[in-house]
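Colleague: So here's structure_19.json, just JSON, C-alpha atoms and all ligand atoms:
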[["chain", "number", "residue", "atom", "x", "y", "z"],
["A", 1, "MET", "CA", 0.00, 0.00, 0.00],
["A", 2, "LYS", "CA", 1.01, 3.60, -0.42],
["A", 3, "ASP", "CA", 2.44, 5.05, 2.80],
["A", 4, "ARG", "CA", -0.18, 7.79, 2.73],
["A", 5, "CYS", "CA", -3.59, 7.94, 4.37],
["A", 6, "CYS", "CA", -6.32, 8.95, 1.91],
["A", 7, "HIS", "CA", -7.99, 10.98, 4.67],
["A", 8, "ARG", "CA", -5.43, 13.69, 5.51],
["A", 9, "THR", "CA", -2.24, 12.16, 4.06],
["A", 10, "ALA", "CA", -0.52, 11.06, 7.29],
["A", 11, "ARG", "CA", 2.04, 8.31, 6.81],
["A", 12, "LEU", "CA", 0.39, 4.96, 7.51],
["A", 13, "SER", "CA", 3.75, 3.62, 8.69],
["A", 14, "LYS", "CA", 3.29, 5.91, 11.71],
["A", 15, "GLY", "CA", 0.04, 4.14, 12.58],
["A", 16, "ARG", "CA", -0.56, 0.75, 14.15],
["A", 17, "CYS", "CA", -1.87, -2.69, 13.44],
["A", 18, "LYS", "CA", -5.45, -3.26, 14.66],
["A", 19, "ASP", "CA", -7.07, -6.71, 14.38],
["A", 20, "GLY", "CA", -4.83, -7.50, 11.42],
["A", 21, "ASN", "CA", -5.67, -4.23, 9.65],
["A", 22, "ILE", "CA", -3.69, -1.02, 9.34],
["A", 23, "GLN", "CA", -4.98, 1.87, 11.44],
["A", 24, "CYS", "CA", -3.82, 5.40, 10.70],
["A", 25, "GLY", "CA", -2.29, 7.02, 13.76],
["A", 26, "TYR", "CA", -3.88, 10.41, 13.14],
["A", 27, "HIS", "CA", -7.69, 10.05, 13.23],
["A", 28, "GLY", "CA", -7.94, 6.28, 13.27],
["A", 29, "TRP", "CA", -9.14, 5.40, 9.77],
["A", 30, "VAL", "CA", -8.76, 1.66, 9.33],
["A", 31, "TYR", "CA", -7.68, -0.06, 6.12],
["A", 32, "ASN", "CA", -8.64, -3.68, 5.62],
["A", 33, "ARG", "CA", -6.81, -6.04, 3.32],
["A", 34, "SER", "CA", -8.75, -4.90, 0.26],
["A", 35, "GLY", "CA", -7.35, -1.43, 0.88],
["A", 36, "ARG", "CA", -10.69, 0.28, 1.62],
["A", 37, "ALA", "CA", -10.95, 2.81, 4.37],
["A", 38, "GLY", "CA", -13.30, 2.59, 7.36],
["A", 39, "PHE", "CA", -13.25, 4.93, 10.31],
["A", 40, "TYR", "CA", -14.52, 6.02, 13.67],
["A", 41, "ALA", "CA", -14.68, 9.58, 14.91],
["A", 42, "GLU", "CA", -16.42, 10.88, 17.99],
["A", 43, "THR", "CA", -16.67, 14.18, 19.80],
["A", 44, "VAL", "CA", -16.98, 12.28, 23.08],
["A", 45, "ILE", "CA", -13.96, 10.03, 23.33],
["A", 46, "ASP", "CA", -12.35, 7.73, 25.88],
["A", 47, "ALA", "CA", -8.84, 8.90, 26.65],
["A", 48, "ALA", "CA", -5.94, 7.49, 28.66],
["A", 49, "ASN", "CA", -5.81, 9.08, 32.08],
["A", 50, "PRO", "CA", -2.43, 8.04, 33.53],
["A", 51, "GLU", "CA", -2.08, 8.33, 37.29],
["A", 52, "ARG", "CA", 0.58, 11.04, 37.07],
["A", 53, "PHE", "CA", -1.88, 13.27, 35.19],
["A", 54, "GLN", "CA", -5.11, 12.50, 37.10],
["A", 55, "ARG", "CA", -5.14, 15.89, 38.81],
["A", 56, "ILE", "CA", -5.64, 17.40, 35.35],
["A", 57, "SER", "CA", -8.92, 15.61, 34.63],
["A", 58, "GLY", "CA", -10.04, 15.31, 38.25],
["A", 59, "VAL", "CA", -10.93, 11.69, 37.41],
["A", 60, "LYS", "CA", -9.35, 8.77, 39.30],
["A", 61, "ASP", "CA", -9.75, 6.07, 36.61],
["A", 62, "ALA", "CA", -7.14, 4.88, 34.11],
["A", 63, "ILE", "CA", -9.49, 5.87, 31.28],
["A", 64, "THR", "CA", -11.64, 8.97, 31.24],
["A", 65, "GLN", "CA", -14.10, 10.54, 28.86],
["A", 66, "ARG", "CA", -13.22, 13.73, 27.06],
["A", 67, "HIS", "CA", -16.08, 15.75, 25.67],
["A", 68, "MET", "CA", -14.50, 17.93, 23.02],
["A", 69, "ARG", "CA", -16.08, 20.96, 21.43],
["A", 70, "ASN", "CA", -14.13, 22.56, 18.64],
["A", 71, "ALA", "CA", -14.69, 25.99, 17.13],
["A", 72, "TYR", "CA", -12.60, 27.32, 14.26],
["A", 73, "TYR", "CA", -11.92, 30.96, 13.51],
["A", 74, "GLN", "CA", -10.59, 32.51, 10.34],
["A", 75, "GLN", "CA", -7.88, 32.22, 9.37],
["A", 76, "PHE", "CA", -5.92, 29.81, 11.49],
["A", 77, "SER", "CA", -7.14, 29.56, 15.04],
["A", 78, "ARG", "CA", -9.40, 27.32, 17.00],
["A", 79, "ARG", "CA", -10.95, 27.03, 20.42],
["A", 80, "LEU", "CA", -11.13, 23.56, 21.87],
["A", 81, "ALA", "CA", -13.23, 23.03, 25.00],
["A", 82, "ILE", "CA", -12.51, 19.78, 26.82],
["A", 83, "GLU", "CA", -14.90, 18.69, 29.53],
["A", 84, "TYR", "CA", -14.20, 15.79, 31.90],
["A", 85, "PRO", "CA", -16.81, 13.77, 33.86],
["A", 86, "SER", "CA", -15.47, 15.47, 37.04],
["A", 87, "GLY", "CA", -16.87, 18.76, 35.72],
["A", 88, "ILE", "CA", -13.39, 20.19, 35.11],
["A", 89, "ARG", "CA", -13.20, 22.16, 31.88],
["A", 90, "HIS", "CA", -10.19, 23.35, 29.94],
["A", 91, "ILE", "CA", -10.33, 25.73, 27.03],
["A", 92, "ILE", "CA", -7.37, 25.45, 24.69],
["A", 93, "ILE", "CA", -6.71, 28.16, 22.12],
["A", 94, "ASN", "CA", -4.50, 27.34, 19.15],
["A", 95, "ALA", "CA", -3.19, 29.92, 16.72],
["A", 96, "PHE", "CA", -1.30, 28.77, 13.66],
["A", 97, "THR", "CA", 0.86, 30.99, 11.48],
["A", 98, "PRO", "CA", 2.26, 29.78, 8.15],
["A", 99, "ILE", "CA", 5.99, 30.49, 7.89],
["A", 100, "ASP", "CA", 6.65, 29.08, 4.42],
["A", 101, "ASP", "CA", 5.30, 26.30, 2.17],
["A", 102, "GLY", "CA", 6.45, 23.55, 4.51],
["A", 103, "ARG", "CA", 6.44, 25.05, 7.99],
["A", 104, "MET", "CA", 4.11, 26.77, 10.42],
["A", 105, "GLN", "CA", 4.26, 28.07, 13.97],
["A", 106, "LEU", "CA", 1.73, 26.97, 16.57],
["A", 107, "CYS", "CA", 1.01, 28.96, 19.72],
["A", 108, "GLN", "CA", -1.20, 27.42, 22.35],
["A", 109, "TRP", "CA", -2.60, 28.68, 25.61],
["A", 110, "GLN", "CA", -5.17, 27.44, 28.02],
["A", 111, "PHE", "CA", -7.91, 28.64, 30.34],
["A", 112, "ARG", "CA", -9.09, 26.46, 33.22],
["A", 113, "ILE", "CA", -11.81, 26.48, 35.84],
["A", 114, "ASP", "CA", -9.83, 24.63, 38.53],
["A", 115, "THR", "CA", -7.20, 26.16, 40.81],
["A", 116, "GLU", "CA", -3.45, 25.88, 41.32],
["A", 117, "ALA", "CA", -4.22, 23.85, 44.47],
["A", 118, "ASP", "CA", -6.28, 21.36, 42.39],
["A", 119, "CYS", "CA", -3.57, 20.99, 39.76],
["A", 120, "PRO", "CA", -0.28, 22.89, 39.35],
["A", 121, "ALA", "CA", -0.05, 24.85, 36.09],
["A", 122, "GLN", "CA", 3.30, 23.18, 35.32],
["A", 123, "MET", "CA", 1.58, 19.77, 35.27],
["A", 124, "LEU", "CA", -0.91, 21.04, 32.69],
["A", 125, "ILE", "CA", 1.91, 22.50, 30.61],
["A", 126, "ASP", "CA", 3.86, 19.20, 30.72],
["A", 127, "PHE", "CA", 0.72, 17.24, 29.78],
["A", 128, "ASP", "CA", -0.11, 19.46, 26.80],
["A", 129, "ASP", "CA", 3.52, 19.47, 25.73],
["A", 130, "GLU", "CA", 3.54, 15.66, 25.64],
["A", 131, "ILE", "CA", 0.29, 15.50, 23.62],
["A", 132, "THR", "CA", 1.35, 18.27, 21.24],
["A", 133, "ARG", "CA", 4.65, 16.50, 20.54],
["A", 134, "GLU", "CA", 2.84, 13.24, 19.75],
["A", 135, "ASP", "CA", 0.59, 15.18, 17.34],
["A", 136, "LYS", "CA", 3.59, 16.99, 15.87],
["A", 137, "ASP", "CA", 5.27, 13.73, 14.97],
["A", 138, "ILE", "CA", 2.32, 12.47, 12.95],
["A", 139, "LEU", "CA", 1.32, 15.88, 11.57],
["A", 140, "GLU", "CA", 4.80, 16.26, 10.12],
["A", 141, "SER", "CA", 4.19, 13.05, 8.17],
["A", 142, "THR", "CA", 1.27, 14.68, 6.29],
["A", 143, "ASP", "CA", 1.71, 16.31, 2.90],
["A", 144, "PRO", "CA", 2.10, 20.09, 3.42],
["A", 145, "ASP", "CA", 0.77, 20.57, -0.12],
["A", 146, "ALA", "CA", -2.78, 19.92, 1.12],
["A", 147, "VAL", "CA", -5.62, 20.45, -1.29],
["A", 148, "VAL", "CA", -7.44, 23.76, -0.77],
["A", 149, "ASP", "CA", -9.55, 23.73, -3.92],
["A", 150, "LEU", "CA", -12.16, 21.06, -3.21],
["A", 151, "ARG", "CA", -12.90, 20.74, -6.92],
["A", 152, "ARG", "CA", -9.73, 18.65, -7.04],
["A", 153, "ARG", "CA", -11.69, 15.58, -6.03],
["A", 154, "GLY", "CA", -10.13, 12.21, -5.32],
["A", 155, "VAL", "CA", -7.04, 13.64, -3.64],
["A", 156, "GLU", "CA", -8.45, 13.25, -0.13],
["A", 157, "TYR", "CA", -11.54, 11.55, 1.25],
["A", 158, "SER", "CA", -13.52, 13.07, 4.08],
["A", 159, "MET", "CA", -16.12, 12.18, 6.67],
["A", 160, "ASP", "CA", -18.76, 14.14, 8.61],
["A", 161, "SER", "CA", -16.38, 15.17, 11.38],
["A", 162, "ASP", "CA", -14.14, 16.82, 8.74],
["A", 163, "ARG", "CA", -16.86, 19.34, 7.99],
["A", 164, "PRO", "CA", -15.15, 22.27, 9.79],
["A", 165, "GLY", "CA", -12.03, 21.79, 7.70],
["A", 166, "ILE", "CA", -14.13, 21.44, 4.54],
["A", 167, "LEU", "CA", -15.99, 24.69, 5.31],
["A", 168, "ILE", "CA", -12.73, 26.55, 5.87],
["A", 169, "ARG", "CA", -11.26, 25.72, 2.48],
["A", 170, "PRO", "CA", -13.58, 27.73, 0.19],
["A", 171, "ARG", "CA", -12.92, 30.71, 2.48],
["A", 172, "LEU", "CA", -9.19, 30.20, 2.08],
["A", 173, "MET", "CA", -9.70, 30.00, -1.68],
["A", 174, "ALA", "CA", -11.62, 33.30, -1.55],
["A", 175, "LEU", "CA", -8.84, 34.86, 0.52],
["A", 176, "LEU", "CA", -6.23, 33.68, -1.98],
["A", 177, "SER", "CA", -8.11, 35.07, -4.94],
["A", 178, "SER", "CA", -8.82, 38.38, -3.17],
["A", 179, "ALA", "CA", -5.04, 38.75, -2.86],
["A", 180, "GLY", "CA", -4.62, 37.91, -6.56],
["A", 181, "GLU", "CA", -3.19, 34.47, -5.75],
["A", 182, "ALA", "CA", -4.10, 31.02, -7.07],
["A", 183, "GLU", "CA", -3.47, 27.61, -5.59],
["A", 184, "VAL", "CA", -0.27, 26.12, -7.00],
["A", 185, "HIS", "CA", 0.38, 22.38, -6.84],
["A", 186, "ARG", "CA", 3.67, 20.59, -7.00],
["B", 1, "LIG", "S1", -7.11, 8.99, 9.59],
["B", 1, "LIG", "FE1", -5.28, 9.15, 8.44],
["B", 1, "LIG", "S2", -4.98, 11.25, 8.20],
["B", 1, "LIG", "FE2", -6.90, 11.14, 9.23]]
Any chance you could give the structure as structure tokens?
Modeller:
Amino acid sequence: MKDRCCHRTARLSKGRCKDGNIQCGYHGWVYNRSGRAGFYAETVIDAANPERFQRISGVKDAITQRHMRNAYYQQFSRRLAIEYPSGIRHIIINAFTPIDDGRMQLCQWQFRIDTEADCPAQMLIDFDDEITREDKDILESTDPDAVVDLRRRGVEYSMDSDRPGILIRPRLMALLSSAGEAEVHR
């Protein structure tokens, strides 16, 4: 198989083997032996809750639920609200800035409803740093020449949970053309 997920181009070699099938490490699309993609995507997910980080979620189990609510803002920022069964909520803001065709800078900050006595800020920073670095590894395996013009069908395949990203692209196309630019492909 090509070492490229047909969802968002992550390298499948960075994924894992699940029940004898290949599972992409990014969003979990699964490829069976005939090479067709299946998937699961949820906004309420079960997440590992290792003991050393349990003060972050306020949950004492090895697995916890994360209720994630994502909002995207033009051009490159998003607000991610994560709610745990304990009632603790974290709001993560991401702002992305393109640097050149192959690189971008990500800034991230977080708001929280719990206190320093509940969970030290440094623990939250270490936790997010670990997660962001895992994401960075697989994100860097995706093709930076992502398709913006959705009329180029067949380059990527999408599912319902991709809708925010799909809605953003025509706006990016409009922004490009308002600046007299056109999408250029390698
Ligand atoms: S599941 Fe492979 S890139 Fe999304």
Colleague: Under the rule that only C-alpha atoms and all ligand atoms are counted, which of A:Ser86, A:Gln110, A:Ser141, A:Thr115 is the nearest residue to ligand LIG 1 (chain B)?
Modeller: A:Ser141
Colleague: I want to know what sits within 12 Å of Cys5 (chain A), based on all atoms listed in the file, with residues of the same chain fewer than 4 positions away left out; could you give that as a ChimeraX atom specification?
Modeller: /A:1,9-15,22-31,35-39,138-139,141-143,155-158
Colleague: Here is a test: counting all atoms listed in the file, which residue of A:His7, A:Arg152, A:Arg171, A:Arg103 is nearest to ligand LIG 1 (chain B)?
Modeller: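 For ligand LIG 1 (chain B), the nearest of the candidates is A:His7.
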Colleague: For Asn94 (chain A), which of A:Phe76, A:Ser57, A:Lys2, A:Ala81 is the closest residue, counting all atoms listed in the file?
Modeller: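 Of A:Phe76, A:Ser57, A:Lys2, A:Ala81, the one nearest Asn94 (chain A) is A:Phe76, counting all atoms listed in the file.
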Colleague: Excluding Val44 (chain A) and its own-chain neighbours fewer than 5 positions away, which residues fall within 10 Å of it when counting only C-alpha atoms? Please give them as a PDB file with C-alpha atoms, in the frame of the given file.
Modeller:
ATOM      1  CA  GLN A  65     -14.100  10.540  28.860  1.00  0.00           C
ATOM      2  CA  ARG A  66     -13.220  13.730  27.060  1.00  0.00           C
ATOM      3  CA  HIS A  67     -16.080  15.750  25.670  1.00  0.00           C
ATOM      4  CA  MET A  68     -14.500  17.930  23.020  1.00  0.00           C
ATOM      5  CA  ARG A  69     -16.080  20.960  21.430  1.00  0.00           C
ATOM      6  CA  ILE A  82     -12.510  19.780  26.820  1.00  0.00           C
ATOM      7  CA  GLU A  83     -14.900  18.690  29.530  1.00  0.00           C
ATOM      8  CA  TYR A  84     -14.200  15.790  31.900  1.00  0.00           C
TER       9      TYR A  84
END
Colleague: For a test of reading the model, state the distance in Å between CA of Asp101 (chain A) and CA of Asp129 (chain A), rounded to one decimal.
Modeller: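 Separating CA of Asp101 (chain A) from CA of Asp129 (chain A) is a distance of 24.6 Å.
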Colleague: Would you work out the distance separating CA of Val148 (chain A) from CA of Leu175 (chain A), expressed in Å to one decimal?
Modeller: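 Pair CA of Val148 (chain A) / CA of Leu175 (chain A) returns 11.3 Å.
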Colleague: Might I get the box with edges along x, y and z of the file that holds all atoms of region 77-81 of chain A listed there, padded by 4 Å on every side, given as centre and edge lengths in Å to one decimal, as JSON?
Modeller:
{"center_x": -10.2, "center_y": 26.3, "center_z": 20.0, "size_x": 14.1, "size_y": 14.5, "size_z": 18.0}
Colleague: Would you mind listing what lies within 9 Å of Phe111 (chain A) as a list in words, with only C-alpha atoms counted and same-chain residues fewer than 3 positions away left out?
Modeller: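 Surrounding residues, per the criterion: Arg89, His90, Ile91, Ile92 and Ile93 of chain A.
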Colleague: Could you work out how far CA of Tyr72 (chain A) lies from CA of Pro164 (chain A), giving the answer in Å with one decimal?
Modeller: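 Atom-to-atom, CA of Pro164 (chain A) and CA of Tyr72 (chain A) are spaced 7.2 Å apart.
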Colleague: Please, which residues are within 12 Å of (-10.2, 23.1, -7.1) by the file's coordinates, counting all atoms listed in the file, and could they come as a list in words?
Modeller: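 With a cut-off of 12 Å, the residues come to Ala146, Val147, Val148, Asp149, Leu150, Arg151, Arg152, Arg153, Gly154, Val155, Arg169, Pro170, Leu172, Met173, Ala174, Ala182, Glu183, Val184 and His185 of chain A.
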Colleague: Please produce a file of those selected residues containing C-alpha atoms, as a compact mmCIF listing (two decimals), keeping the file's coordinate frame.
Modeller:
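And here's part22.txt as it stands now:
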# COMPACT_ATOMS: atom_id res chain seq x y z
CA ALA A 146 -2.78 19.92 1.12
CA VAL A 147 -5.62 20.45 -1.29
CA VAL A 148 -7.44 23.76 -0.77
CA ASP A 149 -9.55 23.73 -3.92
CA LEU A 150 -12.16 21.06 -3.21
CA ARG A 151 -12.90 20.74 -6.92
CA ARG A 152 -9.73 18.65 -7.04
CA ARG A 153 -11.69 15.58 -6.03
CA GLY A 154 -10.13 12.21 -5.32
CA VAL A 155 -7.04 13.64 -3.64
CA ARG A 169 -11.26 25.72 2.48
CA PRO A 170 -13.58 27.73 0.19
CA LEU A 172 -9.19 30.20 2.08
CA MET A 173 -9.70 30.00 -1.68
CA ALA A 174 -11.62 33.30 -1.55
CA ALA A 182 -4.10 31.02 -7.07
CA GLU A 183 -3.47 27.61 -5.59
CA VAL A 184 -0.27 26.12 -7.00
CA HIS A 185 0.38 22.38 -6.84
Colleague: Under the rule that all atoms listed in the file are counted, which of A:Leu106, A:Cys17, A:Met159, A:Ala121 is the nearest residue to ligand LIG 1 (chain B)?
Modeller: A:Met159
Colleague: For Thr43 (chain A), which of A:Arg16, A:Lys136, A:Ala95, A:Asn70 is the closest residue, counting only C-alpha atoms?
Modeller: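 For Thr43 (chain A), the nearest of the candidates is A:Asn70.
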Colleague: I'd like to know which of A:Leu176, A:Pro85, A:Glu51, A:Ser161 is closest to ligand LIG 1 (chain B), using all atoms listed in the file.
Modeller: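 Once distances to ligand LIG 1 (chain B) are computed over all atoms listed in the file, the minimum belongs to A:Ser161.
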